[in-house]
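**Q** For reference, this is model11.txt, and it has compact mmCIF, C-alpha atoms.
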```txt
# COMPACT_ATOMS: atom_id res chain seq x y z
CA MET A 557 0.00 0.00 0.00
CA ALA A 558 2.49 2.50 -1.23
CA ARG A 559 0.04 5.26 -2.05
CA PRO A 560 -3.60 5.59 -1.02
CA PRO A 561 -6.24 5.11 -3.74
CA ARG A 562 -7.59 8.21 -5.46
CA ILE A 563 -11.32 8.56 -4.88
CA TRP A 564 -13.93 10.86 -6.39
CA ILE A 565 -17.56 10.76 -5.33
CA SER A 566 -20.25 12.76 -7.09
CA ASN A 567 -22.17 13.71 -3.94
CA GLU A 568 -21.47 12.88 -0.30
CA THR A 569 -24.81 14.30 0.85
CA PRO A 570 -27.23 12.86 -1.72
CA ALA A 571 -31.02 13.01 -1.65
CA PRO A 572 -32.75 9.70 -0.75
CA GLY A 573 -32.53 7.34 -3.72
CA GLU A 574 -30.18 9.59 -5.67
CA ILE A 575 -27.73 7.81 -7.97
CA VAL A 576 -24.22 8.48 -6.69
CA ARG A 577 -21.23 7.95 -8.97
CA VAL A 578 -17.86 6.85 -7.60
CA ARG A 579 -14.50 6.79 -9.38
CA ALA A 580 -11.51 5.10 -7.80
CA GLN A 581 -8.01 4.33 -8.93
CA MET A 582 -5.28 2.54 -6.97
CA VAL A 583 -1.67 1.62 -7.58
CA HIS A 584 -0.95 -1.96 -8.63
CA VAL A 585 1.55 -3.48 -11.09
CA MET A 586 -0.99 -5.95 -12.55
CA GLU A 587 1.81 -8.24 -13.71
CA SER A 588 0.21 -10.52 -16.29
CA GLY A 589 2.40 -13.58 -15.73
CA LEU A 590 3.12 -13.67 -19.47
CA ARG A 591 6.18 -11.42 -19.55
CA LEU A 592 9.77 -12.63 -19.49
CA ASP A 593 12.56 -10.88 -17.61
CA ALA A 594 16.04 -10.16 -19.02
CA SER A 595 17.21 -13.74 -18.32
CA GLY A 596 14.20 -15.29 -20.06
CA GLN A 597 12.41 -16.34 -16.89
CA THR A 598 8.66 -15.78 -16.60
CA VAL A 599 7.77 -12.91 -14.28
CA PRO A 600 5.24 -14.40 -11.82
CA GLN A 601 1.67 -13.23 -12.12
CA ASP A 602 0.69 -10.53 -9.66
CA ILE A 603 -2.76 -9.10 -10.34
CA LEU A 604 -5.58 -7.58 -8.35
CA THR A 605 -8.09 -10.34 -7.65
CA GLY A 606 -10.91 -8.60 -5.88
CA PHE A 607 -12.65 -5.33 -5.08
CA THR A 608 -15.69 -4.78 -2.94
CA ALA A 609 -17.72 -1.66 -2.26
CA SER A 610 -20.23 -1.55 0.57
CA LEU A 611 -22.39 1.11 2.17
CA GLY A 612 -22.69 0.40 5.88
CA ASP A 613 -23.67 -3.26 6.12
CA SER A 614 -25.01 -3.61 2.59
CA LEU A 615 -22.74 -4.88 -0.17
CA LEU A 616 -23.03 -2.79 -3.33
CA LEU A 617 -20.53 -4.27 -5.75
CA GLU A 618 -18.05 -7.10 -6.07
CA TRP A 619 -15.54 -6.80 -8.88
CA THR A 620 -13.29 -9.68 -9.96
CA PRO A 621 -10.52 -8.31 -12.19
CA GLU A 622 -8.60 -10.66 -14.46
CA MET A 623 -5.38 -10.31 -16.45
CA ALA A 624 -6.93 -7.89 -18.98
CA ILE A 625 -7.37 -5.08 -16.46
CA SER A 626 -4.89 -2.22 -16.93
CA GLN A 627 -2.10 -1.35 -14.56
CA ASN A 628 -3.17 0.84 -11.65
CA PRO A 629 -6.77 -0.40 -11.92
CA TYR A 630 -9.53 2.14 -12.38
CA ILE A 631 -13.12 1.42 -11.45
CA GLU A 632 -16.17 3.62 -11.76
CA PHE A 633 -19.60 2.57 -10.49
CA THR A 634 -22.91 3.97 -9.37
CA PHE A 635 -25.29 3.11 -6.57
CA ALA A 636 -28.62 4.36 -5.23
CA ALA A 637 -28.15 6.18 -1.92
CA ARG A 638 -30.94 4.67 0.18
CA HIS A 639 -29.42 5.17 3.62
CA SER A 640 -26.53 6.94 5.28
CA GLY A 641 -23.41 5.01 6.07
CA ARG A 642 -19.75 4.59 5.42
CA LEU A 643 -18.91 3.78 1.82
CA ARG A 644 -16.04 1.33 2.15
CA MET A 645 -13.92 0.15 -0.78
CA VAL A 646 -11.44 -2.69 -0.34
CA TRP A 647 -8.92 -3.95 -2.91
CA THR A 648 -7.35 -7.39 -2.55
CA ASP A 649 -4.75 -9.45 -4.38
CA ARG A 650 -3.43 -12.91 -3.56
CA ARG A 651 -1.39 -11.50 -0.65
CA GLY A 652 -4.54 -10.10 0.97
CA VAL A 653 -5.88 -6.58 1.34
CA VAL A 654 -3.73 -4.09 -0.59
CA ALA A 655 -5.78 -0.91 -0.26
CA GLN A 656 -8.83 0.44 1.46
CA ALA A 657 -10.72 3.71 1.23
CA ASP A 658 -13.68 5.08 3.18
CA ARG A 659 -16.09 7.94 2.49
CA ASP A 660 -19.01 8.89 4.71
CA VAL A 661 -22.25 9.25 2.79
CA THR A 662 -25.04 11.18 4.51
CA VAL A 663 -28.47 10.88 2.93
CA GLY A 664 -30.59 13.90 3.71
CA MET B 1161 9.37 28.39 -55.23
CA THR B 1162 12.61 26.87 -54.04
CA SER B 1163 14.97 29.34 -52.43
CA PHE B 1164 18.62 28.63 -51.72
CA GLY B 1165 17.98 28.65 -47.97
CA SER B 1166 15.28 25.98 -48.01
CA ASP B 1167 17.35 23.82 -50.35
CA MET B 1168 20.20 23.85 -47.82
CA ARG B 1169 17.78 22.85 -45.08
CA ARG B 1170 16.56 19.98 -47.20
CA ARG B 1171 20.13 18.69 -47.65
CA ASP B 1172 20.73 18.94 -43.91
CA LEU B 1173 17.55 16.98 -43.27
CA LEU B 1174 18.52 14.26 -45.74
CA ALA B 1175 21.95 13.89 -44.13
CA GLY B 1176 20.35 13.73 -40.69
CA ALA B 1177 17.85 11.10 -41.82
CA ALA B 1178 20.67 8.94 -43.23
CA ALA B 1179 22.53 9.14 -39.91
CA LEU B 1180 19.36 8.18 -38.02
CA GLY B 1181 18.85 5.24 -40.37
CA GLY B 1182 22.33 4.00 -39.52
CA LEU B 1183 21.60 4.26 -35.81
CA ALA B 1184 18.34 2.33 -36.20
CA ALA B 1185 20.14 -0.46 -38.06
CA ALA B 1186 22.77 -0.66 -35.31
CA GLY B 1187 20.06 -0.76 -32.66
CA LEU B 1188 18.11 -3.55 -34.33
CA GLY B 1189 19.65 -6.30 -32.22
CA PRO B 1190 18.37 -5.15 -28.81
CA ALA B 1191 15.01 -4.09 -30.27
CA ALA B 1192 14.43 -7.56 -31.72
CA ALA B 1193 15.32 -9.18 -28.39
CA GLN B 1194 12.88 -6.92 -26.59
CA ALA B 1195 10.04 -7.92 -28.91
CA GLN B 1196 10.29 -11.46 -27.52
CA SER B 1197 10.05 -10.43 -23.88
CA THR B 1198 6.48 -11.67 -23.59
CA THR B 1199 4.78 -14.99 -24.19
CA ALA B 1200 1.39 -13.29 -24.65
CA MET B 1201 -0.32 -14.55 -27.79
CA PRO B 1202 -3.77 -13.50 -29.00
CA GLN B 1203 -6.46 -16.17 -29.30
CA ILE B 1204 -6.80 -17.37 -32.87
CA ASP B 1205 -10.61 -17.11 -32.82
CA SER B 1206 -13.58 -16.39 -30.58
CA ALA B 1207 -14.06 -20.03 -29.50
CA GLU B 1208 -12.98 -19.48 -25.89
CA ALA B 1209 -15.06 -16.28 -25.71
CA ASP B 1210 -18.09 -18.16 -27.03
CA ARG B 1211 -17.56 -20.86 -24.42
CA LEU B 1212 -17.43 -18.26 -21.61
CA ALA B 1213 -20.56 -16.62 -22.97
CA ALA B 1214 -22.43 -19.93 -23.13
CA GLU B 1215 -21.33 -20.75 -19.59
CA PHE B 1216 -22.64 -17.38 -18.39
CA ALA B 1217 -25.97 -17.67 -20.21
CA ALA B 1218 -26.40 -21.25 -18.89
CA GLY B 1219 -29.02 -22.07 -21.49
CA ALA B 1220 -31.02 -18.85 -21.21
CA GLU B 1221 -31.92 -16.95 -24.36
CA VAL B 1222 -29.49 -14.06 -24.89
CA LEU B 1223 -31.18 -10.74 -25.71
CA SER B 1224 -29.31 -8.06 -27.66
CA GLN B 1225 -31.06 -5.19 -25.90
CA GLY B 1226 -31.15 -3.35 -22.61
CA LEU B 1227 -27.40 -3.33 -22.18
CA ALA B 1228 -25.06 -0.59 -23.42
CA LEU B 1229 -21.37 -1.10 -24.04
CA ASP B 1230 -19.43 2.12 -24.56
CA LEU B 1231 -15.87 2.00 -25.82
CA PRO B 1232 -13.90 4.05 -28.33
CA ALA B 1233 -13.94 2.80 -31.93
CA LEU B 1234 -10.19 3.40 -31.99
CA GLY B 1235 -8.23 2.57 -28.84
CA ASP B 1236 -5.35 5.03 -29.01
CA ASN B 1237 -3.76 3.45 -25.92
CA PRO B 1238 -4.24 -0.35 -26.00
CA ALA B 1239 -2.83 -0.59 -22.46
CA ALA B 1240 -5.80 1.31 -21.05
CA VAL B 1241 -8.99 1.20 -23.11
CA PRO B 1242 -11.95 2.69 -21.23
CA VAL B 1243 -14.95 0.36 -21.32
CA ARG B 1244 -18.32 1.29 -19.81
CA VAL B 1245 -21.12 -1.23 -19.35
CA HIS B 1246 -24.53 -0.22 -18.09
CA VAL B 1247 -28.04 -1.60 -18.05
CA THR B 1248 -30.25 0.92 -19.86
CA GLU B 1249 -33.58 -0.22 -18.46
CA PRO B 1250 -34.69 1.00 -15.01
CA ILE B 1251 -33.25 -0.90 -12.06
CA THR B 1252 -36.00 -1.59 -9.51
CA ASP B 1253 -36.42 -3.84 -6.48
CA ALA B 1254 -38.28 -6.28 -8.75
CA SER B 1255 -35.92 -6.14 -11.71
CA TRP B 1256 -32.23 -5.65 -11.01
CA CYS B 1257 -28.99 -6.84 -12.48
CA SER B 1258 -27.06 -9.39 -10.43
CA GLU B 1259 -24.01 -10.01 -12.56
CA ILE B 1260 -22.09 -8.58 -15.53
CA ILE B 1261 -19.12 -10.05 -17.36
CA VAL B 1262 -16.87 -8.36 -19.92
CA ILE B 1263 -15.19 -10.50 -22.56
CA ALA B 1264 -12.31 -9.35 -24.76
CA ASP B 1265 -12.60 -12.04 -27.46
CA LEU B 1266 -8.98 -12.42 -28.58
CA ASN B 1267 -7.02 -11.59 -25.41
CA PRO B 1268 -4.83 -14.40 -23.96
CA GLY B 1269 -7.44 -14.60 -21.17
CA PRO B 1270 -10.70 -13.55 -22.84
CA LEU B 1271 -12.62 -13.07 -19.57
CA ALA B 1272 -11.68 -9.48 -18.69
CA CYS B 1273 -13.60 -9.13 -15.45
CA ARG B 1274 -16.79 -9.95 -13.57
CA PHE B 1275 -19.08 -7.73 -11.51
CA ARG B 1276 -21.68 -8.79 -8.98
CA PHE B 1277 -24.40 -6.46 -7.76
CA THR B 1278 -27.00 -6.78 -5.04
CA ALA B 1279 -30.54 -5.49 -4.62
CA ALA B 1280 -29.01 -2.72 -2.47
CA THR B 1281 -26.95 -1.37 -5.39
CA GLY B 1282 -30.01 0.05 -7.16
CA SER B 1283 -27.96 0.55 -10.30
CA ALA B 1284 -25.80 -1.31 -12.81
CA ASP B 1285 -23.27 1.00 -14.38
CA VAL B 1286 -19.54 0.29 -14.32
CA THR B 1287 -16.44 1.54 -16.14
CA VAL B 1288 -13.00 -0.08 -16.15
CA ARG B 1289 -9.86 0.17 -18.27
CA LEU B 1290 -8.76 -2.87 -20.27
CA ARG B 1291 -5.55 -3.79 -22.04
CA LEU B 1292 -6.15 -5.35 -25.44
CA ILE B 1293 -3.57 -7.35 -27.36
CA ARG B 1294 -4.99 -6.52 -30.82
CA SER B 1295 -8.10 -5.30 -32.61
CA MET B 1296 -11.03 -7.48 -31.58
CA PRO B 1297 -14.69 -7.65 -30.63
CA VAL B 1298 -15.50 -6.80 -27.02
CA ARG B 1299 -18.76 -8.00 -25.48
CA ALA B 1300 -20.61 -7.72 -22.22
CA TYR B 1301 -23.29 -9.98 -20.76
CA ALA B 1302 -25.64 -9.09 -17.93
CA ARG B 1303 -27.80 -11.41 -15.87
CA MET B 1304 -31.05 -9.88 -14.67
CA GLU B 1305 -32.68 -11.15 -11.50
CA ASP B 1306 -35.74 -12.30 -13.50
CA GLY B 1307 -33.54 -14.72 -15.47
CA ARG B 1308 -33.00 -12.73 -18.64
CA VAL B 1309 -29.49 -12.47 -20.08
CA LEU B 1310 -28.67 -9.24 -21.95
CA MET B 1311 -25.76 -8.81 -24.33
CA ALA B 1312 -23.93 -5.99 -26.11
CA ARG B 1313 -21.03 -6.23 -28.50
CA ARG B 1314 -18.68 -3.71 -30.12
CA ASP B 1315 -15.61 -3.96 -32.33
CA ILE B 1316 -12.53 -1.99 -31.43
CA THR B 1317 -9.38 -1.22 -33.42
CA VAL B 1318 -6.17 -0.82 -31.45
CA ALA B 1319 -2.56 -0.30 -32.42
CA PRO B 1320 -0.86 -3.72 -32.22
CA GLY B 1321 1.97 -4.52 -29.86
CA GLY B 1322 1.34 -1.82 -27.27
CA CYS B 1323 -0.50 -4.11 -24.95
CA GLY B 1324 1.79 -4.44 -21.97
CA LEU B 1325 0.48 -7.94 -21.25
```
Kindly present the structure from the file in structure tokens form.

**A**
Amino acid sequence: MARPPRIWISNETPAPGEIVRVRAQMVHVMESGLRLDASGQTVPQDILTGFTASLGDSLLLEWTPEMAISQNPYIEFTFAARHSGRLRMVWTDRRGVVAQADRDVTVG
Amino acid sequence: MTSFGSDMRRRDLLAGAAALGGLAAAGLGPAAAQAQSTTAMPQIDSAEADRLAAEFAAGAEVLSQGLALDLPALGDNPAAVPVRVHVTEPITDASWCSEIIVIADLNPGPLACRFRFTAATGSADVTVRLRLIRSMPVRAYARMEDGRVLMARRDITVAPGGCGL
């Protein structure tokens, strides 16, 4: 977790039911496992394997990236703001959690 | 309308170009070695993509409506092609999207990514950036909670060899 993810959220105080848009980008090499190093050895695969976004206790989105996702993965999604809570985003790779970001969303 | 000055510039340019050509020839060895630094090969056809699609649909009829797939016709950076997938019909508590997959037909691993939504999401609209190994069709499939499977498909042209896979 060298650098924290960059987060943009369209509205942190949305009206009930309003569609909120979130953009997030984090730092990850996304090594495909197909490249060879200078000595001809395969560079082991190292990719992001999971992302979850939840608002309070309710899960909003699970994302399963594969090899085709670009370096420093970018994700943009929307959700309907039905209740206040902490919007929590968690990125994982095979070593475990690599990044986490929180934003408080207050519906009013 | 050739003046003496511009003619001199032209000669300088020609001489410079010749020198550059020589440098390029000398540098060919390392460049050729670098081109083999990846074992990534594109799929020869869409067979694997079709198999993934059939697995996702699981026998359901696939409808070519209700799902939008937005991507540039020309991917100027094949290492990061923005792809947006969204369900165009209203998302309600009775009819919501539970899962979306994105397939890049000819990539070494055609399944690009998978999304799962819940009833709490209240929306189905996602954007990611893909790396594509060559020009190819890209498709997205969405599973609605009422059992329908929606599909969208677009062709994209990318510059070859810039993939970074």

**Q** Need the neighbours of (-15.6, 4.9, -7.1): which residues are at most 7 Å away, counting all atoms listed in the file, as a VMD selection string?

**A** chain A and resid 563 to 565 577 to 580 631 to 633

**Q** Which one of A:Glu587, A:Glu622, A:Glu574, A:Asp658 sits closest to Pro560 of chain A if you count all atoms listed in the file?

**A**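 Nearest candidate to Pro560 of chain A out of A:Glu587, A:Glu622, A:Glu574, A:Asp658: A:Asp658.
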
**Q** Starting from chain A, keep only residues with some atom at most 6 Å from an atom of chain B, counting all atoms listed in the file, and report them as JSON, numbers by chain.

**A** {"A": [588, 590, 591, 592, 616, 617, 618, 619, 620, 621, 622, 624, 625, 626, 630, 631, 632, 633, 634, 635, 636]}

**Q** Produce a file of the selected residues containing C-alpha atoms, as a compact mmCIF listing (two decimals), in the coordinates of the input.

**A**
```txt
# COMPACT_ATOMS: atom_id res chain seq x y z
CA SER A 588 0.21 -10.52 -16.29
CA LEU A 590 3.12 -13.67 -19.47
CA ARG A 591 6.18 -11.42 -19.55
CA LEU A 592 9.77 -12.63 -19.49
CA LEU A 616 -23.03 -2.79 -3.33
CA LEU A 617 -20.53 -4.27 -5.75
CA GLU A 618 -18.05 -7.10 -6.07
CA TRP A 619 -15.54 -6.80 -8.88
CA THR A 620 -13.29 -9.68 -9.96
CA PRO A 621 -10.52 -8.31 -12.19
CA GLU A 622 -8.60 -10.66 -14.46
CA ALA A 624 -6.93 -7.89 -18.98
CA ILE A 625 -7.37 -5.08 -16.46
CA SER A 626 -4.89 -2.22 -16.93
CA TYR A 630 -9.53 2.14 -12.38
CA ILE A 631 -13.12 1.42 -11.45
CA GLU A 632 -16.17 3.62 -11.76
CA PHE A 633 -19.60 2.57 -10.49
CA THR A 634 -22.91 3.97 -9.37
CA PHE A 635 -25.29 3.11 -6.57
CA ALA A 636 -28.62 4.36 -5.23
```

**Q** Could you please determine the separation between atom CA of Thr1248 of chain B and atom CA of Asp1210 of chain B in Å, to one decimal place?

**A**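 Separation of atom CA of Thr1248 of chain B and atom CA of Asp1210 of chain B: 23.7 Å.
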
**Q** For Ala1254 of chain B, which residue among B:Gly1226, B:Gly1307, B:Gly1219, B:Pro1202 is the nearest when counting all atoms listed in the file?

**A**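 The closest residue to Ala1254 of chain B is B:Gly1307.
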